[in-house]
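Containing CSV, C-alpha atoms: data.csv.
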```csv
chain,number,residue,atom,x,y,z
A,102,MET,CA,4.4,-12.4,5.7
A,103,ILE,CA,3.8,-10.6,2.5
A,104,GLU,CA,2.6,-7.4,4.1
A,105,TRP,CA,6.1,-6.8,5.5
A,106,LEU,CA,7.1,-6.0,1.9
A,107,PHE,CA,5.8,-2.6,2.8
A,108,VAL,CA,9.0,-1.9,4.8
A,109,PRO,CA,11.6,-2.3,2.0
A,110,ALA,CA,9.2,-0.7,-0.5
A,111,ALA,CA,8.8,2.3,1.8
A,112,TYR,CA,12.6,2.6,2.1
A,113,LEU,CA,13.0,2.5,-1.7
A,114,ILE,CA,10.3,5.1,-2.2
A,115,GLY,CA,11.9,7.3,0.5
A,116,SER,CA,15.2,7.0,-1.3
A,117,ILE,CA,13.8,8.8,-4.4
A,118,SER,CA,15.3,12.3,-4.0
A,119,SER,CA,12.6,14.8,-5.1
A,120,ALA,CA,15.1,17.6,-4.9
A,121,ILE,CA,17.7,16.0,-7.2
A,122,LEU,CA,15.1,14.8,-9.7
A,123,ILE,CA,13.2,18.0,-9.9
A,124,CYS,CA,16.4,20.0,-10.4
A,125,ARG,CA,17.4,17.6,-13.2
A,126,LEU,CA,14.0,17.9,-14.9
A,127,MET,CA,14.0,21.7,-14.6
A,128,GLY,CA,17.6,22.2,-15.7
A,129,LEU,CA,18.8,23.4,-12.3
A,130,PRO,CA,22.1,22.7,-10.7
A,131,ASP,CA,22.5,19.6,-8.5
A,132,PRO,CA,21.3,20.8,-5.0
A,133,ARG,CA,24.1,18.7,-3.4
A,134,GLU,CA,26.6,21.0,-5.2
A,135,GLN,CA,24.9,24.4,-4.8
A,136,GLY,CA,23.7,26.5,-1.9
A,137,SER,CA,23.9,24.7,1.4
A,138,GLY,CA,24.5,21.4,-0.4
A,139,ASN,CA,21.4,19.8,1.1
A,140,PRO,CA,18.9,18.1,-1.2
A,141,GLY,CA,15.8,19.6,0.2
A,142,ALA,CA,13.0,22.0,-0.7
A,143,THR,CA,14.7,25.0,1.0
A,144,ASN,CA,17.9,24.7,-0.9
A,145,VAL,CA,15.9,24.1,-4.1
A,146,MET,CA,14.2,27.4,-3.5
A,147,ARG,CA,17.6,29.1,-3.2
A,148,ILE,CA,18.6,27.6,-6.5
A,149,GLY,CA,15.5,27.8,-8.6
A,150,GLY,CA,12.7,29.6,-6.8
A,151,LYS,CA,9.3,28.8,-5.3
A,152,LYS,CA,7.9,26.6,-8.0
A,153,PRO,CA,10.5,23.8,-8.0
A,154,ALA,CA,10.7,24.1,-4.2
A,155,ALA,CA,7.0,23.6,-3.8
A,156,ILE,CA,7.1,20.5,-6.1
A,157,THR,CA,10.1,19.2,-4.1
A,158,LEU,CA,8.2,19.8,-0.8
A,159,LEU,CA,5.2,17.9,-2.1
A,160,GLY,CA,7.3,15.1,-3.4
A,161,ASP,CA,9.1,14.7,-0.1
A,162,LEU,CA,5.8,14.7,1.8
A,163,LEU,CA,4.3,12.1,-0.5
A,164,LYS,CA,7.3,9.8,0.0
A,165,GLY,CA,6.2,9.5,3.6
A,166,LEU,CA,2.5,9.6,3.1
A,167,VAL,CA,2.0,7.1,0.3
A,168,PRO,CA,3.6,3.9,1.7
A,169,VAL,CA,2.2,4.5,5.2
A,170,TYR,CA,-1.3,5.4,4.1
A,171,SER,CA,-1.3,2.5,1.6
A,172,ALA,CA,-0.4,0.1,4.4
A,173,ASN,CA,-3.0,1.7,6.6
A,174,LEU,CA,-5.7,1.3,4.0
A,175,LEU,CA,-4.9,-2.4,3.7
A,176,GLY,CA,-5.3,-2.9,7.4
A,177,ALA,CA,-1.7,-3.3,8.4
A,178,PRO,CA,-1.2,-3.5,12.2
A,179,ASP,CA,0.2,-0.5,14.0
A,180,GLU,CA,3.5,-2.1,14.5
A,181,LEU,CA,3.9,-2.5,10.8
A,182,LEU,CA,2.7,1.0,10.1
A,183,ALA,CA,5.3,2.3,12.5
A,184,ILE,CA,8.2,0.4,10.9
A,185,THR,CA,7.0,1.4,7.4
A,186,GLY,CA,7.0,5.0,8.4
A,187,ILE,CA,10.5,4.8,9.8
A,188,ALA,CA,11.7,3.0,6.7
A,189,ALA,CA,10.3,5.8,4.4
A,190,PHE,CA,11.9,8.5,6.7
A,191,ILE,CA,15.3,6.8,6.7
A,192,GLY,CA,15.1,6.4,3.0
A,193,HIS,CA,14.8,10.2,2.7
A,194,LEU,CA,17.7,10.8,5.0
A,195,TYR,CA,19.9,8.1,3.6
A,196,PRO,CA,18.8,7.3,0.0
A,197,VAL,CA,20.3,4.2,-1.5
A,198,PHE,CA,19.9,5.7,-5.0
A,199,PHE,CA,21.9,8.9,-4.2
A,200,ASN,CA,25.0,7.7,-2.2
A,201,PHE,CA,23.0,7.9,1.0
A,202,GLU,CA,23.0,11.8,0.8
A,203,GLY,CA,19.5,12.9,1.7
A,204,GLY,CA,17.6,15.8,3.2
A,205,LYS,CA,16.8,16.7,6.7
A,206,GLY,CA,13.4,15.1,6.9
A,207,VAL,CA,10.8,17.6,8.0
A,208,ALA,CA,8.4,17.2,5.0
A,209,THR,CA,8.8,13.4,4.8
A,210,SER,CA,8.1,13.1,8.6
A,211,ILE,CA,4.9,15.2,8.1
A,212,GLY,CA,3.9,12.7,5.3
A,213,VAL,CA,4.5,9.8,7.6
A,214,LEU,CA,2.5,11.3,10.5
A,215,LEU,CA,-0.4,12.0,8.0
A,216,GLY,CA,-0.2,8.4,7.0
A,217,PHE,CA,-0.4,7.3,10.6
A,218,SER,CA,-3.4,9.6,11.3
A,219,TRP,CA,-4.7,12.7,9.6
A,220,PRO,CA,-5.3,14.5,12.9
A,221,LEU,CA,-1.7,13.6,14.0
A,222,GLY,CA,-0.2,15.1,10.8
A,223,PHE,CA,-2.3,18.3,11.1
A,224,ALA,CA,-1.4,18.7,14.8
A,225,PHE,CA,2.3,18.8,13.6
A,226,ILE,CA,1.5,21.3,10.9
A,227,GLY,CA,-0.6,23.4,13.3
A,228,SER,CA,2.1,23.6,15.9
A,229,TRP,CA,4.6,24.5,13.2
A,230,ILE,CA,2.4,27.4,12.1
A,231,LEU,CA,1.8,28.6,15.6
A,232,VAL,CA,5.5,28.6,16.6
A,233,TYR,CA,6.4,30.3,13.3
A,234,LYS,CA,3.9,33.1,13.8
A,235,ILE,CA,5.4,33.8,17.2
A,236,GLY,CA,9.1,33.4,16.4
A,237,LYS,CA,9.4,33.8,12.6
A,238,ILE,CA,12.1,31.2,12.5
A,239,SER,CA,11.4,28.2,10.3
A,240,SER,CA,13.9,25.8,11.9
A,241,LEU,CA,12.6,26.5,15.4
A,242,SER,CA,9.1,25.8,14.2
A,243,ALA,CA,10.1,22.5,12.7
A,244,LEU,CA,12.1,21.5,15.8
A,245,CYS,CA,9.3,22.4,18.2
A,246,ALA,CA,6.6,20.6,16.2
A,247,SER,CA,8.9,17.5,15.9
A,248,ILE,CA,9.5,17.4,19.7
A,249,LEU,CA,5.8,17.6,20.3
A,250,SER,CA,4.9,14.9,17.7
A,251,PRO,CA,5.4,11.9,20.1
A,252,VAL,CA,3.1,13.7,22.6
A,253,PHE,CA,0.5,14.3,19.9
A,254,ALA,CA,0.9,10.6,18.8
A,255,TRP,CA,0.2,9.3,22.3
A,256,PHE,CA,-2.9,11.4,22.9
A,257,ILE,CA,-4.3,11.3,19.3
A,258,VAL,CA,-3.5,7.7,18.3
A,259,GLY,CA,-2.8,6.2,21.7
A,260,ASP,CA,-0.6,3.4,20.3
A,261,ALA,CA,2.9,2.7,21.8
A,262,SER,CA,4.4,1.7,18.4
A,263,ILE,CA,3.2,4.8,16.6
A,264,THR,CA,4.4,7.0,19.5
A,265,ALA,CA,7.8,5.3,19.5
A,266,ALA,CA,8.1,5.8,15.7
A,267,SER,CA,7.3,9.5,16.1
A,268,ALA,CA,9.9,9.7,18.9
A,269,PHE,CA,12.5,7.9,16.7
A,270,MET,CA,11.9,10.4,13.8
A,271,THR,CA,12.2,13.3,16.3
A,272,VAL,CA,15.6,12.1,17.4
A,273,LEU,CA,16.9,11.7,13.9
A,274,LEU,CA,15.4,15.1,12.8
A,275,LEU,CA,17.1,16.8,15.8
A,276,TRP,CA,20.4,15.2,14.8
A,277,ARG,CA,20.1,16.3,11.2
A,278,HIS,CA,19.3,19.8,12.4
A,279,LYS,CA,22.2,20.1,14.8
A,280,SER,CA,23.7,23.1,12.8
A,281,ASN,CA,20.4,24.9,13.1
A,282,ILE,CA,20.3,24.2,16.8
A,283,GLN,CA,23.7,25.6,17.2
A,284,ARG,CA,22.7,28.8,15.3
A,285,LEU,CA,19.5,29.1,17.4
A,286,TRP,CA,21.6,28.8,20.6
A,287,THR,CA,23.9,31.6,19.5
A,288,GLY,CA,21.1,33.8,18.1
A,289,GLU,CA,22.4,33.5,14.5
A,290,GLU,CA,19.5,31.7,12.9
A,291,TYR,CA,17.7,33.7,10.2
A,292,LYS,CA,14.1,34.8,10.5
A,293,ALA,CA,11.1,35.3,8.3
A,294,GLY,CA,11.8,33.0,5.4
A,295,LYS,CA,15.5,33.4,5.5
A,296,SER,CA,16.2,30.4,7.8
A,297,GLU,CA,18.8,27.9,7.0
A,298,ASN,CA,16.4,25.2,8.0
A,299,GLU,CA,16.3,22.4,5.4
A,300,PHE,CA,13.3,20.2,4.6
```

What does the file become when written as structure tokens?
Amino acid sequence: MIEWLFVPAAYLIGSISSAILICRLMGLPDPREQGSGNPGATNVMRIGGKKPAAITLLGDLLKGLVPVYSANLLGAPDELLAITGIAAFIGHLYPVFFNFEGGKGVATSIGVLLGFSWPLGFAFIGSWILVYKIGKISSLSALCASILSPVFAWFIVGDASITAASAFMTVLLLWRHKSNIQRLWTGEEYKAGKSENEF
């Protein structure tokens, strides 16, 4: 069925590395070779400041939002929406265009959740903000919001496939943040904007 073309298209869109392209366009070093080596918004901010980081963050979010929201507008069933979202997310983590060296996935996962359901995406953002105001640790906020996202998906959307997709992204996001989790465990993670969390 032609609508299943959303899945490979989503992966290819997810594989467009906002961090690498923005750094190239703005004359900044390759984020894979500077700072933490992660092609994400946080590392771009280290390298070039807030403006390129904000553009990178928006680009990463749109990579998740656009393919899923487009499929949603065209009436794709929830199962297809779920797989499309996963494809975009995996494309960000393992981009075919950049030797499968991608970011950690927070911004793209937010875009996917917004594509599934606006209230679901905003629930993630709201929980991120709440945890950050309490703990002042960006990575902890992202991890807590991600862990809660399957619960939000179940109560807000109420569909098993969307909930499963949210849970799948959570598992991958936790895996990609294993170094952050280790630093949180030992109390070495930075606070108030100095976190090593990568988007």

Skip Ala172 in chain A itself and residues of its chain fewer than 6 positions away, then list as an mmCIF file with C-alpha atoms, in the coordinates of the input all residues within 12 Å of it, counting all atoms listed in the file.
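The result, stored in part.cif:
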```cif
data_model
loop_
_atom_site.group_PDB
_atom_site.id
_atom_site.type_symbol
_atom_site.label_atom_id
_atom_site.label_comp_id
_atom_site.auth_asym_id
_atom_site.auth_seq_id
_atom_site.Cartn_x
_atom_site.Cartn_y
_atom_site.Cartn_z
ATOM 1 C CA ILE A 103 3.800 -10.600 2.500
ATOM 2 C CA GLU A 104 2.600 -7.400 4.100
ATOM 3 C CA TRP A 105 6.100 -6.800 5.500
ATOM 4 C CA LEU A 106 7.100 -6.000 1.900
ATOM 5 C CA PHE A 107 5.800 -2.600 2.800
ATOM 6 C CA VAL A 108 9.000 -1.900 4.800
ATOM 7 C CA ALA A 110 9.200 -0.700 -0.500
ATOM 8 C CA ALA A 111 8.800 2.300 1.800
ATOM 9 C CA GLY A 165 6.200 9.500 3.600
ATOM 10 C CA LEU A 166 2.500 9.600 3.100
ATOM 11 C CA PRO A 178 -1.200 -3.500 12.200
ATOM 12 C CA ASP A 179 0.200 -0.500 14.000
ATOM 13 C CA GLU A 180 3.500 -2.100 14.500
ATOM 14 C CA LEU A 181 3.900 -2.500 10.800
ATOM 15 C CA LEU A 182 2.700 1.000 10.100
ATOM 16 C CA ALA A 183 5.300 2.300 12.500
ATOM 17 C CA ILE A 184 8.200 0.400 10.900
ATOM 18 C CA THR A 185 7.000 1.400 7.400
ATOM 19 C CA GLY A 186 7.000 5.000 8.400
ATOM 20 C CA VAL A 213 4.500 9.800 7.600
ATOM 21 C CA GLY A 216 -0.200 8.400 7.000
ATOM 22 C CA PHE A 217 -0.400 7.300 10.600
#
```

Handout entry: Selection: 8 Å around Val145 in chain A, all atoms listed in the file, excl. self and same-chain fewer than 3 positions, as a ChimeraX atom specification
Key = /A:120,124,132,140-142,148-150,153-154,157

Selection export as a PDB file, in the coordinates of the input, atoms kept: C-alpha atoms:
```pdb
ATOM      1  CA  ALA A 120      15.100  17.600  -4.900  1.00  0.00           C
ATOM      2  CA  CYS A 124      16.400  20.000 -10.400  1.00  0.00           C
ATOM      3  CA  PRO A 132      21.300  20.800  -5.000  1.00  0.00           C
ATOM      4  CA  PRO A 140      18.900  18.100  -1.200  1.00  0.00           C
ATOM      5  CA  GLY A 141      15.800  19.600   0.200  1.00  0.00           C
ATOM      6  CA  ALA A 142      13.000  22.000  -0.700  1.00  0.00           C
ATOM      7  CA  ILE A 148      18.600  27.600  -6.500  1.00  0.00           C
ATOM      8  CA  GLY A 149      15.500  27.800  -8.600  1.00  0.00           C
ATOM      9  CA  GLY A 150      12.700  29.600  -6.800  1.00  0.00           C
ATOM     10  CA  PRO A 153      10.500  23.800  -8.000  1.00  0.00           C
ATOM     11  CA  ALA A 154      10.700  24.100  -4.200  1.00  0.00           C
ATOM     12  CA  THR A 157      10.100  19.200  -4.100  1.00  0.00           C
TER      13      THR A 157
END
```

Problem - Residues near Ile114 in chain A, cut-off 9 Å, all atoms listed in the file, skip fewer than 3 positions along chain, as a ChimeraX atom specification - result: /A:109-111,117-118,164-165,167-168,189,192-193

Practice task
Choose the residue, out of A:Gly203, A:Pro130, A:Gly212, A:Gly259, that has the smallest atom-to-atom separation from Val169 in chain A; count all atoms listed in the file.
Solution key: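 Answer, going by the shortest atom-to-atom distance: A:Gly212.
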
Problem - Nearest candidate to Phe225 in chain A (options A:Val272, A:Leu174, A:Ile263, A:Ala243; using only C-alpha atoms) - result: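 Using only C-alpha atoms, the shortest distance to Phe225 in chain A belongs to A:Ala243.
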
Problem - Using all atoms listed in the file: which of A:Thr271, A:Thr287, A:Asn139, A:Ser280 has the shortest distance to Cys245 in chain A - result: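 Among the listed residues, the smallest separation from Cys245 in chain A belongs to A:Thr271.
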
Exercise for the section: For CA of Ser119 in chain A and CA of Gly236 in chain A, quote the distance in Å rounded to one decimal. Expected result: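 It comes out at 28.6 Å.
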
Problem - Gap from CA of Ser218 in chain A to CA of Val258 in chain A - Å, one decimal - result: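 Those two atoms sit 7.3 Å apart.
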
Exercise for the section: Please identify all polymer residues within 10 Å of Ala246 in chain A, counting only C-alpha atoms, omitting same-chain residues fewer than 3 positions from it, and present them as number ranges by chain. Expected result: A: 207, 211, 224-232, 240-243, 249-251, 253, 271

Problem - Atomic separation - CA of Lys151 in chain A relative to CA of Gln135 in chain A, Å - result: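 Going from CA of Gln135 in chain A over to CA of Lys151 in chain A covers 16.2 Å.
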
Practice task
Counting only C-alpha atoms, figure out which residue out of A:Asn144, A:Asn200, A:Tyr233, A:Val252 gets nearest to Thr264 in chain A.
Solution key: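 Between A:Asn144, A:Asn200, A:Tyr233, A:Val252, the residue approaching Thr264 in chain A most closely is A:Val252.
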
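Considering the residues A:Leu274, A:Ser262, A:Thr209, A:Ser247 and counting only C-alpha atoms, Leu159 in chain A has its shortest atom-to-atom contact with A:Thr209.
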
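The closest residue to Arg277 in chain A, picked from A:Ile191, A:Phe199, A:Glu289, A:Pro220 and counting only C-alpha atoms, is A:Ile191.
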